[in-house]
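J.: Below is the structure I would like to discuss, written out as structure tokens.
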Amino acid sequence: IATWNVATAEPTDDISSLLQLDSQKSADLYAIGLQEVNAAPLRIVTDFVLEDPWSRLLMTTLAPKGYVKVTSVRMQGLLLLIFSRLVHLPFVRNIETTYTRTGILGYWGNKGAVSTRLSFYGLSLCFLNCHLAAHMEYASERVDEFKYILDAQSFSMENTPRVLDHRLVFWFGDLNFRIADHDLNFTHTAINNKEFHQLWPKDQLTLMKKKEEFLQEFEEGPLNFRPTYKYDLFSDSYDTSSKKRKPAWTDRILWRVKPKTPILEGGVEDDGVGREEVVQEQQQDTNPLKVKQDLYTCCMDYSISDHKPVLSIFNLELRKQYKSPLVLLYPEGEWSADLDAMVTYSIQEPFISSTWDWIGLYKVGFRSTLDYITYTWVKDDEVFYSDKLIKVYVSKDEIPVLGGECVLCYYSNNMKSIVGISDPFQVQQSKAAVEEGLVPENISGLDKKLAS
């Protein structure tokens, strides 16, 4: 998980350090929360049409490493992206996103939260990227904003309609909590001597957790790194302007494992009161979850913002609730733009399908679920159906002329996720196109994209 207030800066050239790409063990999931992404009106329009530069950089960096963007959500300057290794993609299901405004009377999205909920092998996860009210004196207002966000956000999943209903919640972002009481000189001395523990008792989030019971359910690793705000641009020096703002750990990553619901004393009453609680307790016992934080630090390699990014690596130990994808699919016969093609698939476990479900043809190394070359509707283009197999037609006009190594993916509209992926296969170069002397400049833009 990474969080970074980028202060409207354009992306840096290299984010390998932030993503820990040189780590010996590669991550299974990435959750990347950004705040203060450039949200000028013209930029918002451009980003909507062309994709924002930060998302493009992250996808371009992670796709060659075998990661796919499963979803993203943006509200003005707040941006949250979730990536998964390709092997896990069919097991990242029931994806939903939402957002909550809290800035300027709640109408303008300069403050607030964006979130994503999903199921990972049956484990309900919620990622919450927040940007809360600024300034030293607003610690209580920040807590009130967070309460409002938790109350306001809702999802359609029956068993997890609210953020705190999820088995595991990650709460991160520019939470804007400051270091109270200590003067500037004392704070700088403690930082320079790496005696961060001297500042912890006056950290506002630590202080507020003592007052607010619901905050105590969120865990956080020790702040054994330099305060991440406020730095002079393009330097590792704290604010030298006339304001000389005091350093603070404004950028944080916390997590919460849903507490077990206590079994009522005396067991289940005859009228059924408490029955749901007992069932939830039993379910949690049969679905053990262990969460261990392996790293919590700031990344000093970047200076394009007055904030340093914060990153954390978590190790989750969980019992998979399902081990096979919902759909198995494969291409039938040889594929090329010379002949109409056929996709064969089978349903491995019953699920609620939709007329809006589709099968996409993707180039190997695709960046996101929407990065398909072409797609076919599973209902409209169905040509054969039996209890075991279903066949779907793909027009040769939709198949890339130049060919290439591809995969097929079944996208469930209800789950907003890919629930089946074929093995890689070769789409052959069109023989007719070769004979006619077609070159990339003369074929469709879609094929130009594949050629590049």
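To be explicit about the labels: the chains of the structure tokens are called A, B, and onward in the order shown, and within each one the residues are counted from 1, while ligands get numbers from 1 in the order they are shown.
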Using DSSP on the backbone coordinates, identify the residues of segment 159-379 of chain A assigned to strand (DSSP E); present them as JSON, numbers by chain.
T.: {"A": [168, 169, 170, 171, 172, 173, 174, 251, 252, 253, 254, 255, 256, 257, 289, 290, 291, 292, 293, 294, 295, 296, 297, 298, 310, 311, 312, 313, 314, 315, 316, 317, 318, 327, 328, 329, 330, 331, 332, 335, 336, 341, 342, 343, 344, 345, 346, 347, 358, 359, 360, 361, 362, 363, 374, 375, 376, 377]}
J.: Contacts of segment 149-155 of chain A at 12 Å or less, counting only C-alpha atoms, minus same-chain residues fewer than 4 places along, as an NGL selection string?
T.: :A and (94-103 or 106 or 111-118 or 126 or 128-132 or 142-145 or 159-166 or 169 or 171 or 214-215)
J.: Quick one: DSSP helix (DSSP H, G or I) residues in segment 49-167 of chain A, as number ranges by chain?
T.: A: 49-50, 53-65, 86-91, 104-106, 136-152, 163-165
J.: Ile179 of chain A: which residues within 6 Å, counting only C-alpha atoms, same-chain residues fewer than 3 positions away excluded, as a tab-separated table (two decimals) with N, CA, C and O atoms, in the first residue's frame?
T.:
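Ended up saving to selection_13.tsv:
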```tsv
chain	number	residue	atom	x	y	z
A	202	LYS	N	2.72	13.36	21.31
A	202	LYS	CA	2.02	14.58	20.90
A	202	LYS	C	1.48	14.50	19.47
A	202	LYS	O	0.97	15.49	18.94
A	203	ASP	N	1.59	13.32	18.86
A	203	ASP	CA	0.99	13.13	17.55
A	203	ASP	C	-0.53	13.16	17.71
A	203	ASP	O	-1.10	12.42	18.53
A	204	GLN	N	-1.19	14.01	16.93
A	204	GLN	CA	-2.64	14.22	17.13
A	204	GLN	C	-3.46	12.96	16.90
A	204	GLN	O	-4.46	12.74	17.60
A	248	ALA	N	5.37	17.04	10.39
A	248	ALA	CA	4.31	16.20	10.95
A	248	ALA	C	4.16	14.93	10.12
A	248	ALA	O	4.48	14.89	8.93
```
J.: Enter the distance from atom CA of Trp358 of chain A to atom CA of Ser412 of chain A, in Å, rounded to one decimal.
T.: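 Calculated distance between atom CA of Trp358 of chain A and atom CA of Ser412 of chain A is 7.1 Å.
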J.: Grab the atom CA of Leu316 of chain A to atom CA of Leu289 of chain A distance for me, in Å with one decimal place.
T.: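 Pair atom CA of Leu316 of chain A / atom CA of Leu289 of chain A returns 7.1 Å.
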J.: Excluding Phe366 of chain A and its own-chain neighbours fewer than 3 positions away, which residues fall within 9 Å of it when counting only C-alpha atoms? Please give them as a short mmCIF file (atom, residue, chain, number, x, y, z; two decimals) with all heavy atoms, in the first residue's frame.
T.:
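After the write, part_6.cif holds the following:
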```
data_model
loop_
_atom_site.label_atom_id
_atom_site.label_comp_id
_atom_site.auth_asym_id
_atom_site.auth_seq_id
_atom_site.Cartn_x
_atom_site.Cartn_y
_atom_site.Cartn_z
N ALA A 63 2.42 -3.22 -15.61
CA ALA A 63 1.98 -4.22 -16.59
C ALA A 63 3.11 -5.16 -17.03
O ALA A 63 2.90 -6.38 -17.09
CB ALA A 63 1.33 -3.55 -17.79
N PRO A 64 4.30 -4.66 -17.36
CA PRO A 64 5.37 -5.58 -17.75
C PRO A 64 5.80 -6.52 -16.62
O PRO A 64 6.45 -7.54 -16.89
CB PRO A 64 6.53 -4.63 -18.13
CG PRO A 64 5.88 -3.33 -18.44
CD PRO A 64 4.71 -3.25 -17.51
N GLY A 66 3.62 -8.05 -14.80
CA GLY A 66 2.56 -9.04 -14.64
C GLY A 66 1.39 -8.59 -13.81
O GLY A 66 0.61 -9.42 -13.33
N TYR A 67 1.20 -7.26 -13.66
CA TYR A 67 0.08 -6.73 -12.88
C TYR A 67 -0.95 -6.09 -13.79
O TYR A 67 -0.62 -5.50 -14.82
CB TYR A 67 0.57 -5.70 -11.87
CG TYR A 67 1.48 -6.27 -10.80
CD1 TYR A 67 2.86 -6.27 -10.98
CD2 TYR A 67 0.95 -6.82 -9.64
CE1 TYR A 67 3.70 -6.80 -10.00
CE2 TYR A 67 1.79 -7.34 -8.66
CZ TYR A 67 3.15 -7.34 -8.85
OH TYR A 67 3.98 -7.87 -7.90
N VAL A 68 -2.20 -6.18 -13.36
CA VAL A 68 -3.33 -5.60 -14.09
C VAL A 68 -4.09 -4.67 -13.16
O VAL A 68 -4.34 -5.02 -11.99
CB VAL A 68 -4.27 -6.71 -14.62
CG1 VAL A 68 -5.48 -6.10 -15.32
CG2 VAL A 68 -3.53 -7.65 -15.55
N TYR A 362 -7.51 -9.88 -25.25
CA TYR A 362 -6.46 -9.00 -24.72
C TYR A 362 -5.10 -9.42 -25.23
O TYR A 362 -4.82 -10.62 -25.40
CB TYR A 362 -6.41 -9.07 -23.19
CG TYR A 362 -7.62 -8.53 -22.47
CD1 TYR A 362 -8.77 -9.31 -22.31
CD2 TYR A 362 -7.60 -7.25 -21.92
CE1 TYR A 362 -9.87 -8.82 -21.62
CE2 TYR A 362 -8.71 -6.76 -21.22
CZ TYR A 362 -9.83 -7.54 -21.07
OH TYR A 362 -10.93 -7.07 -20.38
N LYS A 363 -4.25 -8.45 -25.43
CA LYS A 363 -2.85 -8.74 -25.70
C LYS A 363 -2.19 -9.17 -24.40
O LYS A 363 -2.46 -8.61 -23.34
CB LYS A 363 -2.15 -7.49 -26.25
CG LYS A 363 -0.70 -7.71 -26.63
CD LYS A 363 -0.07 -6.41 -27.12
CE LYS A 363 1.40 -6.62 -27.46
NZ LYS A 363 2.06 -5.35 -27.90
N THR A 369 -8.48 -3.96 -17.04
CA THR A 369 -9.59 -4.76 -17.53
C THR A 369 -10.25 -4.13 -18.76
O THR A 369 -10.94 -4.82 -19.52
CB THR A 369 -10.66 -4.94 -16.43
OG1 THR A 369 -11.03 -3.65 -15.92
CG2 THR A 369 -10.11 -5.78 -15.30
N LEU A 370 -10.05 -2.83 -18.96
CA LEU A 370 -10.63 -2.15 -20.12
C LEU A 370 -9.64 -2.03 -21.28
O LEU A 370 -9.92 -1.37 -22.27
CB LEU A 370 -11.13 -0.76 -19.73
CG LEU A 370 -12.26 -0.74 -18.69
CD1 LEU A 370 -12.65 0.69 -18.37
CD2 LEU A 370 -13.46 -1.53 -19.18
N ASP A 371 -8.50 -2.69 -21.17
CA ASP A 371 -7.44 -2.60 -22.17
C ASP A 371 -7.58 -3.70 -23.23
O ASP A 371 -6.59 -4.24 -23.72
CB ASP A 371 -6.08 -2.70 -21.47
CG ASP A 371 -4.95 -2.11 -22.30
OD1 ASP A 371 -5.24 -1.36 -23.24
OD2 ASP A 371 -3.78 -2.40 -21.99
N TYR A 372 -8.82 -4.04 -23.59
CA TYR A 372 -9.06 -5.13 -24.54
C TYR A 372 -8.84 -4.67 -25.98
O TYR A 372 -8.94 -3.49 -26.30
CB TYR A 372 -10.48 -5.68 -24.38
CG TYR A 372 -11.56 -4.62 -24.36
CD1 TYR A 372 -11.99 -4.02 -25.54
CD2 TYR A 372 -12.14 -4.22 -23.17
CE1 TYR A 372 -12.97 -3.05 -25.53
CE2 TYR A 372 -13.12 -3.24 -23.14
CZ TYR A 372 -13.54 -2.67 -24.32
OH TYR A 372 -14.50 -1.69 -24.30
#
```
J.: Show which residues sit within 9 Å of Ile82 of chain A, as a ChimeraX atom specification. Count only C-alpha atoms, and ignore same-chain residues fewer than 5 positions away.
T.: /A:29-33,68-72,116,127
J.: For each of A:Lys396, A:Lys379, A:Arg178, A:Arg167, take the minimum atom-to-atom distance to Met136 of chain A, counting only C-alpha atoms, then give the residue where this is smallest.
T.: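 So, comparing all the options, the nearest one is A:Arg178.
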J.: With only C-alpha atoms as the atoms that count, which of A:Leu80, A:Leu57, A:Val87, A:Ile313 lies nearest to Lys25 of chain A?
T.: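 Counting only C-alpha atoms, the residue closest to Lys25 of chain A is A:Ile313.
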J.: Mind checking which residues fall within 12 Å of Asp380 of chain A, counting only C-alpha atoms, ignoring those fewer than 5 positions away in the same chain, and posting them as a ChimeraX atom specification?
T.: /A:354-359,375,391-394
J.: Dump C-alpha atoms for the selected residues as a PDB file, in the first residue's frame?
T.:
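Result saved to out_18.pdb:
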```pdb
ATOM      1  CA  SER A 354     -25.935 -10.741 -17.003  1.00  0.00           C
ATOM      2  CA  THR A 355     -26.789  -9.807 -20.567  1.00  0.00           C
ATOM      3  CA  TRP A 356     -23.969  -7.278 -20.133  1.00  0.00           C
ATOM      4  CA  ASP A 357     -21.320  -9.954 -19.535  1.00  0.00           C
ATOM      5  CA  TRP A 358     -18.692 -10.068 -22.253  1.00  0.00           C
ATOM      6  CA  ILE A 359     -15.557 -11.905 -23.322  1.00  0.00           C
ATOM      7  CA  TYR A 375     -14.957  -8.032 -27.092  1.00  0.00           C
ATOM      8  CA  LYS A 391     -19.809 -21.216 -27.689  1.00  0.00           C
ATOM      9  CA  VAL A 392     -19.636 -17.549 -28.650  1.00  0.00           C
ATOM     10  CA  TYR A 393     -18.917 -16.100 -32.075  1.00  0.00           C
ATOM     11  CA  VAL A 394     -16.245 -13.472 -32.826  1.00  0.00           C
TER      12      VAL A 394
END
```
J.: Given only C-alpha atoms as the basis, pick out the residue of A:Asn176, A:Asn192, A:Asn413, A:Ser312 nearest to Glu137 of chain A.
T.: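 Checking each of A:Asn176, A:Asn192, A:Asn413, A:Ser312 against Glu137 of chain A, counting only C-alpha atoms, the winner is A:Asn176.
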J.: When you count only C-alpha atoms, which of these residues is closest to Met300 of chain A: A:Gln348, A:Ser395, A:Ser237, A:Ser368?
T.: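 Smallest distance to Met300 of chain A is found for A:Ser237.
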J.: To one decimal in Å, tell me the separation between atom CA of Asn414 of chain A and atom CA of Pro90 of chain A.
T.: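 Answer for the atom CA of Asn414 of chain A to atom CA of Pro90 of chain A separation: 13.8 Å.
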J.: Please determine, counting only C-alpha atoms, which residue among A:Leu175, A:Leu19, A:Val327, A:Leu78 has the shortest atom-to-atom distance to Leu34 of chain A.
T.: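 Closest candidate: A:Leu78.
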